[in-house]
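As stored in coords-v4.cif (mmCIF, C-alpha atoms):
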```cif
data_start
loop_
_atom_site.label_atom_id
_atom_site.label_comp_id
_atom_site.auth_asym_id
_atom_site.auth_seq_id
_atom_site.Cartn_x
_atom_site.Cartn_y
_atom_site.Cartn_z
CA VAL A 1283 141.10 99.49 146.42
CA LYS A 1284 143.38 97.29 148.44
CA LEU A 1285 142.10 94.09 150.01
CA THR A 1286 143.29 92.74 153.28
CA ARG A 1287 144.57 89.17 153.16
CA ARG A 1288 141.36 88.02 154.89
CA GLN A 1289 139.15 89.83 152.35
CA ALA A 1290 141.15 88.36 149.50
CA LEU A 1291 140.75 84.85 150.89
CA VAL A 1292 137.00 85.29 151.37
CA THR A 1293 136.59 86.71 147.86
CA GLY A 1294 138.67 83.91 146.39
CA ALA A 1295 136.66 81.25 148.16
CA ALA A 1296 133.39 82.78 146.98
CA THR A 1297 134.64 82.93 143.39
CA ALA A 1298 135.76 79.31 143.53
CA ALA A 1299 132.41 78.19 144.93
CA PHE A 1300 130.32 80.21 142.48
CA PRO A 1301 130.54 77.87 139.46
CA ALA A 1302 129.23 74.96 141.54
CA VAL A 1303 126.30 77.06 142.77
CA ALA A 1304 125.59 78.28 139.24
CA LEU A 1305 125.70 74.72 137.90
CA ALA A 1306 123.27 73.52 140.57
CA ASP A 1307 120.93 76.40 139.73
CA ASP A 1308 121.24 75.61 136.02
CA LYS A 1309 120.47 71.95 136.64
CA LYS A 1310 117.43 72.78 138.77
CA ALA A 1311 116.17 75.26 136.15
CA MET A 1312 116.63 72.72 133.34
CA THR A 1313 114.81 70.05 135.34
CA ALA A 1314 111.95 72.39 136.17
CA ALA A 1315 111.66 73.52 132.54
CA ALA A 1316 111.64 69.92 131.27
CA LEU A 1317 108.95 68.91 133.78
CA SER A 1318 106.92 72.03 133.14
CA ARG A 1319 106.83 71.72 129.34
CA SER A 1320 106.05 67.99 129.62
CA LEU A 1321 103.22 68.72 132.05
CA ALA A 1322 101.88 71.44 129.75
CA ALA A 1323 101.70 68.89 126.92
CA VAL A 1324 99.85 66.45 129.19
CA GLN A 1325 97.40 69.16 130.25
CA VAL A 1326 96.49 69.76 126.60
CA ALA A 1327 95.83 66.02 126.28
CA VAL A 1328 93.68 65.93 129.43
CA VAL A 1329 91.49 68.83 128.30
CA SER A 1330 91.27 67.46 124.75
CA TYR A 1331 90.38 63.86 125.72
CA GLU A 1332 87.72 65.15 128.10
CA ALA A 1333 86.20 67.28 125.35
CA ILE A 1334 86.37 64.53 122.71
CA ALA A 1335 84.96 61.83 124.99
CA ASN A 1336 81.98 64.07 125.83
CA ALA A 1337 81.38 65.37 122.30
CA GLY A 1338 79.01 62.56 121.32
CA ILE A 1339 80.90 61.78 118.11
CA LEU A 1340 82.52 58.47 119.09
CA GLU A 1341 81.35 54.87 118.95
CA ARG A 1342 80.87 53.49 122.44
CA SER A 1343 83.98 51.26 122.39
CA VAL A 1344 86.17 54.10 121.12
CA GLN A 1345 84.72 56.44 123.70
CA SER A 1346 85.55 53.93 126.42
CA THR A 1347 89.13 53.63 125.12
CA LEU A 1348 89.59 57.41 125.09
CA ARG A 1349 88.16 57.70 128.60
CA SER A 1350 90.76 55.21 129.83
CA PHE A 1351 93.44 57.29 128.09
CA LEU A 1352 92.06 60.38 129.86
CA GLN A 1353 92.44 58.64 133.23
CA GLN A 1354 96.01 57.70 132.38
CA GLU A 1355 96.83 61.24 131.25
CA ASN A 1356 95.52 62.46 134.63
CA ASP A 1357 97.94 60.03 136.31
CA HIS A 1358 100.75 61.46 134.16
CA ALA A 1359 99.82 65.02 135.12
CA LYS A 1360 100.08 64.12 138.80
CA ALA A 1361 103.41 62.30 138.32
CA LEU A 1362 104.90 65.36 136.62
CA GLY A 1363 103.20 67.99 138.79
CA ASP A 1364 104.21 66.53 142.17
CA PRO A 1365 107.98 66.90 141.62
CA LEU A 1366 107.45 70.47 140.41
CA ASP A 1367 105.57 71.20 143.65
CA GLN A 1368 108.37 69.58 145.66
CA MET A 1369 110.90 71.83 143.90
CA GLY A 1370 108.83 74.88 144.85
CA GLU A 1371 108.06 75.57 141.20
CA SER A 1372 104.67 76.60 139.84
CA GLN A 1373 102.72 74.19 137.66
CA PRO A 1374 101.62 75.54 134.28
CA VAL A 1375 98.01 76.66 134.07
CA PRO A 1376 95.91 74.12 132.10
CA PRO A 1377 94.54 75.48 128.83
CA ARG A 1378 90.85 76.13 128.18
CA ARG A 1379 89.15 74.17 125.41
CA ASN A 1380 88.94 77.19 123.11
CA GLN A 1381 92.68 77.73 123.43
CA ILE A 1382 93.42 74.34 121.83
CA ARG A 1383 93.44 74.82 118.07
CA GLY A 1384 91.03 72.56 116.20
CA LEU A 1385 89.47 70.96 119.26
CA ASN A 1386 86.07 72.66 119.02
CA SER A 1387 85.69 71.92 115.30
CA LEU A 1388 85.82 68.10 115.58
CA LYS A 1389 82.61 66.65 114.12
CA THR A 1390 83.36 63.01 113.30
CA GLN A 1391 85.19 60.04 114.81
CA PRO A 1392 87.90 59.98 112.11
CA GLN A 1393 88.57 63.67 112.75
CA ALA A 1394 88.75 63.03 116.49
CA LEU A 1395 91.15 60.11 116.02
CA ALA A 1396 93.42 62.14 113.72
CA PHE A 1397 93.39 64.95 116.28
CA ALA A 1398 94.23 62.56 119.12
CA ILE A 1399 97.09 61.03 117.12
CA ASP A 1400 98.59 64.50 116.63
CA LEU A 1401 98.05 65.21 120.30
CA GLU A 1402 99.97 62.12 121.38
CA ARG A 1403 102.73 62.79 118.85
CA ARG A 1404 103.21 66.29 120.26
CA GLU A 1405 103.44 64.83 123.76
CA LEU A 1406 105.99 62.24 122.63
CA SER A 1407 108.04 64.89 120.87
CA THR A 1408 108.08 67.00 124.05
CA TYR A 1409 109.16 64.05 126.20
CA TYR A 1410 111.83 63.10 123.67
CA ARG A 1411 113.38 66.57 123.93
CA SER A 1412 112.96 66.69 127.70
CA MET A 1413 114.83 63.41 128.28
CA SER A 1414 118.09 65.22 127.42
CA ASP A 1415 117.52 67.84 130.11
CA LEU A 1416 116.82 65.48 133.02
CA LYS A 1417 119.57 63.93 135.13
CA ASP A 1418 117.69 62.63 138.17
CA ALA A 1419 117.29 58.85 137.89
CA ASN A 1420 113.75 58.78 139.29
CA LEU A 1421 112.52 61.58 137.06
CA LEU A 1422 114.11 59.95 134.02
CA LYS A 1423 112.31 56.70 134.79
CA THR A 1424 109.02 58.48 135.40
CA LEU A 1425 109.18 60.43 132.14
CA ALA A 1426 110.31 57.40 130.13
CA SER A 1427 107.51 55.24 131.57
CA ILE A 1428 105.01 57.97 130.65
CA MET A 1429 106.55 58.15 127.18
CA GLY A 1430 106.08 54.39 126.84
CA CYS A 1431 102.41 54.68 127.84
CA ASP A 1432 101.75 57.48 125.36
CA GLY A 1433 103.52 55.43 122.70
CA GLN A 1434 100.94 52.74 123.41
CA HIS A 1435 98.14 55.32 123.20
CA VAL A 1436 99.25 56.46 119.76
CA THR A 1437 99.61 52.85 118.62
CA VAL A 1438 96.01 52.05 119.58
CA LEU A 1439 94.77 55.28 118.01
CA ARG A 1440 96.59 54.47 114.75
CA GLN A 1441 94.96 51.05 114.71
CA LEU A 1442 91.53 52.60 115.29
CA ALA A 1443 92.26 55.02 112.43
CA HIS A 1444 93.38 52.13 110.17
CA ARG A 1445 96.94 53.46 109.92
CA PRO A 1446 100.17 51.47 110.38
CA ALA A 1447 100.36 50.82 114.12
CA VAL A 1448 104.12 51.16 114.59
CA PRO A 1449 105.51 53.00 111.58
CA ASN A 1450 108.94 53.90 113.02
CA ALA A 1451 111.73 52.04 114.82
CA PHE A 1452 112.32 55.10 117.01
CA GLU A 1453 109.33 56.82 118.57
CA THR A 1454 110.25 60.49 118.68
CA GLY A 1455 106.80 61.90 118.00
CA ALA A 1456 107.74 62.64 114.40
CA GLU A 1457 105.33 61.59 111.64
CA VAL B 142 119.79 28.85 120.80
CA ALA B 143 120.22 26.98 124.08
CA GLY B 144 117.19 27.29 126.33
CA PHE B 145 115.01 28.63 123.54
CA PRO B 146 111.45 27.57 124.36
CA THR B 147 109.45 25.29 122.13
CA LEU B 148 106.73 27.37 120.53
CA ARG B 149 103.83 25.22 119.31
CA SER B 150 101.20 27.81 118.51
CA ALA B 151 100.63 31.45 117.65
CA GLY B 152 99.63 31.99 121.27
CA ASP B 153 102.93 30.51 122.47
CA PHE B 154 104.84 32.78 120.15
CA LEU B 155 102.90 35.91 121.13
CA ASN B 156 103.34 35.21 124.85
CA PHE B 157 107.05 34.65 124.29
CA ALA B 158 107.28 37.91 122.31
CA LEU B 159 105.44 39.69 125.12
CA ASP B 160 108.08 38.46 127.60
CA ILE B 161 110.91 39.60 125.37
CA GLU B 162 109.43 43.05 124.85
CA ASN B 163 108.73 43.47 128.57
CA THR B 164 112.29 42.50 129.41
CA ALA B 165 113.62 44.93 126.81
CA VAL B 166 111.50 47.80 128.17
CA ALA B 167 112.75 47.15 131.72
CA ALA B 168 116.37 46.98 130.57
CA TYR B 169 116.16 50.25 128.64
CA LEU B 170 114.43 51.92 131.57
CA ASP B 171 117.10 50.75 134.00
CA SER B 172 119.91 51.95 131.75
CA LEU B 173 118.64 55.49 131.24
CA ALA B 174 120.12 57.02 134.38
CA ALA B 175 123.54 55.51 133.61
CA LEU B 176 123.81 57.39 130.31
CA ASN B 177 125.82 60.58 130.70
CA THR B 178 125.38 61.80 127.15
CA PRO B 179 122.07 63.71 127.12
CA PRO B 180 121.06 62.99 123.48
CA LEU B 181 121.66 59.30 124.12
CA ARG B 182 118.99 59.35 126.82
CA SER B 183 116.49 60.62 124.26
CA GLU B 184 117.50 57.93 121.77
CA VAL B 185 117.21 55.13 124.31
CA ALA B 186 113.81 56.47 125.42
CA SER B 187 112.66 56.49 121.78
CA ILE B 188 113.70 52.84 121.39
CA MET B 189 112.07 51.89 124.70
CA THR B 190 108.85 53.58 123.56
CA ASN B 191 108.99 51.66 120.30
CA GLU B 192 109.21 48.41 122.30
CA ALA B 193 106.24 49.58 124.40
CA GLU B 194 104.32 50.08 121.15
CA HIS B 195 105.16 46.51 120.13
CA LEU B 196 103.76 45.41 123.50
CA ALA B 197 100.47 47.17 122.71
CA VAL B 198 100.16 45.43 119.36
CA ILE B 199 101.05 41.99 120.75
CA SER B 200 98.65 42.43 123.69
CA GLY B 201 95.91 43.34 121.21
CA LEU B 202 96.57 40.17 119.23
CA LEU B 203 96.27 38.20 122.47
CA LEU B 204 92.96 40.00 123.13
CA ARG B 205 94.39 41.56 126.27
CA PRO B 206 94.18 45.24 127.29
CA GLN B 207 96.59 47.13 125.03
CA VAL B 208 97.41 49.92 127.50
CA PRO B 209 96.92 48.29 130.89
CA ASP B 210 99.00 50.74 132.97
CA SER B 211 99.60 54.49 133.13
CA PHE B 212 103.33 53.84 133.42
CA VAL B 213 105.15 51.33 131.23
CA THR B 214 107.87 49.67 133.26
CA GLY B 215 108.27 46.20 131.72
CA GLU B 216 109.55 43.45 133.94
CA SER B 217 112.94 43.06 135.50
CA PRO B 218 115.32 41.11 133.26
CA SER B 219 116.10 37.75 134.79
#
```
Conversion result in structure tokens:
Amino acid sequence: VKLTRRQALVTGAATAAFPAVALADDKKAMTAAALSRSLAAVQVAVVSYEAIANAGILERSVQSTLRSFLQQENDHAKALGDPLDQMGESQPVPPRRNQIRGLNSLKTQPQALAFAIDLERRELSTYYRSMSDLKDANLLKTLASIMGCDGQHVTVLRQLAHRPAVPNAFETGAE
Amino acid sequence: VAGFPTLRSAGDFLNFALDIENTAVAAYLDSLAALNTPPLRSEVASIMTNEAEHLAVISGLLLRPQVPDSFVTGESPS
């Protein structure tokens, strides 16, 4: 097949432009994936805090603390869900209570606190990994400020559970 | 250190520590977008979160709300 000079020029231009398009698509996909997995982690926290706060196993002051955490997790879900909507991406479907392992078997406050600590650590670990995949300055700030808030949640929960409040110099969600 | 405030009580010290931690959080947050090496962004975020955890402990010692906001932003460094 022989190309005319015009066809060759058009083909060449398209080939040259393709990497930029592919990179933009890659960046958008990475951003959407980072937001989506972070939001999924928050959704688990929202469902779990709601269940724990209504389970009747917490002292009143602890219940009040966890309810305030629930409200803050709802704020986080909105802050992560809105940019996904703006990108035209679907938000993950929130889990049902029975899909969250261990949630329905919590019977005591110490069990609930240990569960909540693990919950927050999993969120922090997800954010920690997602920070590498975000480039947008506003999204980076949003995710980092959420990470800071959840770091404070896990600190308070550790104190309530009589564990060292800040055991590590780097909060990555690891034990 | 020049300009270091005179701290006369535990309360003075805790309030001063709160200022330092807030300033650190804001500085880390501002620097994130300038980091081009992706793993470095995660590391800085992990340090910033650690400072936010310090804030929660210090606020508790001052009998203030330990997690007052849904988004930890610190204060702008002066």
Which polymer residues have any atom within 8 Å of an atom of segment 1346-1351 of chain A, counting only C-alpha atoms, with same-chain residues fewer than 5 positions away left out, as a count of residues only? 4
Name every residue that the PyMOL selection byres ((chain A) within 8 of (chain B)) selects in this structure, writing the answer as number ranges by chain with chains first and numbers rising. A: 1354-1355, 1357-1358, 1410-1415, 1417-1419, 1422-1424, 1426-1431, 1433-1435, 1437-1438, 1447-1448, 1450-1454
Kindly save the residues from that selection, with C-alpha atoms included, as a tab-separated table (two decimals), keeping the file's coordinate frame.
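The result, written out as selection.tsv:
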```tsv
chain	number	residue	atom	x	y	z
A	1354	GLN	CA	96.01	57.70	132.38
A	1355	GLU	CA	96.83	61.24	131.25
A	1357	ASP	CA	97.94	60.03	136.31
A	1358	HIS	CA	100.75	61.46	134.16
A	1410	TYR	CA	111.83	63.10	123.67
A	1411	ARG	CA	113.38	66.57	123.93
A	1412	SER	CA	112.96	66.69	127.70
A	1413	MET	CA	114.83	63.41	128.28
A	1414	SER	CA	118.09	65.22	127.42
A	1415	ASP	CA	117.52	67.84	130.11
A	1417	LYS	CA	119.57	63.93	135.13
A	1418	ASP	CA	117.69	62.63	138.17
A	1419	ALA	CA	117.29	58.85	137.89
A	1422	LEU	CA	114.11	59.95	134.02
A	1423	LYS	CA	112.31	56.70	134.79
A	1424	THR	CA	109.02	58.48	135.40
A	1426	ALA	CA	110.31	57.40	130.13
A	1427	SER	CA	107.51	55.24	131.57
A	1428	ILE	CA	105.01	57.97	130.65
A	1429	MET	CA	106.55	58.15	127.18
A	1430	GLY	CA	106.08	54.39	126.84
A	1431	CYS	CA	102.41	54.68	127.84
A	1433	GLY	CA	103.52	55.43	122.70
A	1434	GLN	CA	100.94	52.74	123.41
A	1435	HIS	CA	98.14	55.32	123.20
A	1437	THR	CA	99.61	52.85	118.62
A	1438	VAL	CA	96.01	52.05	119.58
A	1447	ALA	CA	100.36	50.82	114.12
A	1448	VAL	CA	104.12	51.16	114.59
A	1450	ASN	CA	108.94	53.90	113.02
A	1451	ALA	CA	111.73	52.04	114.82
A	1452	PHE	CA	112.32	55.10	117.01
A	1453	GLU	CA	109.33	56.82	118.57
A	1454	THR	CA	110.25	60.49	118.68
```
Do you have the atom CA of Leu159 of chain B-atom CA of Gly144 of chain B distance handy?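 Interatomic distance, atom CA of Leu159 of chain B to atom CA of Gly144 of chain B: 17.1 Å.
If you measure from each of B:Glu216, B:Val142, B:Arg205, B:Leu148 to Ile161 of chain B using only C-alpha atoms, the closest one turns out to be B:Glu216.
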For a quick check of understanding, using only C-alpha atoms, which of A:Val1436, A:Ala1333, A:Leu1340, A:Leu1352 has the smallest distance to Leu1385 of chain A? A:Ala1333
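Straight-line separation from atom CA of Gln1381 of chain A to atom CA of Val1329 of chain A: 10.2 Å.
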For atom CA of Ala168 of chain B and atom CA of Leu1425 of chain A, quote the distance in Å rounded to one decimal. 15.3 Å
Can you list, as an MDAnalysis selection string, the residues that the PyMOL selection byres ((chain B and resi 156) around 12) selects here? chainID B and resid 146:155 157:163 196 199:205
Counting only C-alpha atoms, what is within 10 Å of segment 1396-1398 of chain A, bar same-chain residues fewer than 2 positions away, as a PDB file with C-alpha atoms, keeping the file's coordinate frame?
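selection-v8.pdb, freshly written:
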```
ATOM      1  CA  ALA A1327      95.830  66.020 126.280  1.00  0.00           C
ATOM      2  CA  SER A1330      91.270  67.460 124.750  1.00  0.00           C
ATOM      3  CA  TYR A1331      90.380  63.860 125.720  1.00  0.00           C
ATOM      4  CA  ILE A1334      86.370  64.530 122.710  1.00  0.00           C
ATOM      5  CA  LEU A1348      89.590  57.410 125.090  1.00  0.00           C
ATOM      6  CA  GLY A1384      91.030  72.560 116.200  1.00  0.00           C
ATOM      7  CA  LEU A1385      89.470  70.960 119.260  1.00  0.00           C
ATOM      8  CA  LEU A1388      85.820  68.100 115.580  1.00  0.00           C
ATOM      9  CA  GLN A1391      85.190  60.040 114.810  1.00  0.00           C
ATOM     10  CA  PRO A1392      87.900  59.980 112.110  1.00  0.00           C
ATOM     11  CA  GLN A1393      88.570  63.670 112.750  1.00  0.00           C
ATOM     12  CA  ALA A1394      88.750  63.030 116.490  1.00  0.00           C
ATOM     13  CA  ASP A1400      98.590  64.500 116.630  1.00  0.00           C
ATOM     14  CA  LEU A1401      98.050  65.210 120.300  1.00  0.00           C
ATOM     15  CA  GLU A1402      99.970  62.120 121.380  1.00  0.00           C
ATOM     16  CA  ARG A1403     102.730  62.790 118.850  1.00  0.00           C
ATOM     17  CA  ARG A1404     103.210  66.290 120.260  1.00  0.00           C
ATOM     18  CA  HIS A1435      98.140  55.320 123.200  1.00  0.00           C
ATOM     19  CA  VAL A1436      99.250  56.460 119.760  1.00  0.00           C
ATOM     20  CA  LEU A1439      94.770  55.280 118.010  1.00  0.00           C
ATOM     21  CA  ARG A1440      96.590  54.470 114.750  1.00  0.00           C
ATOM     22  CA  LEU A1442      91.530  52.600 115.290  1.00  0.00           C
ATOM     23  CA  ALA A1443      92.260  55.020 112.430  1.00  0.00           C
TER      24      ALA A1443
END
```
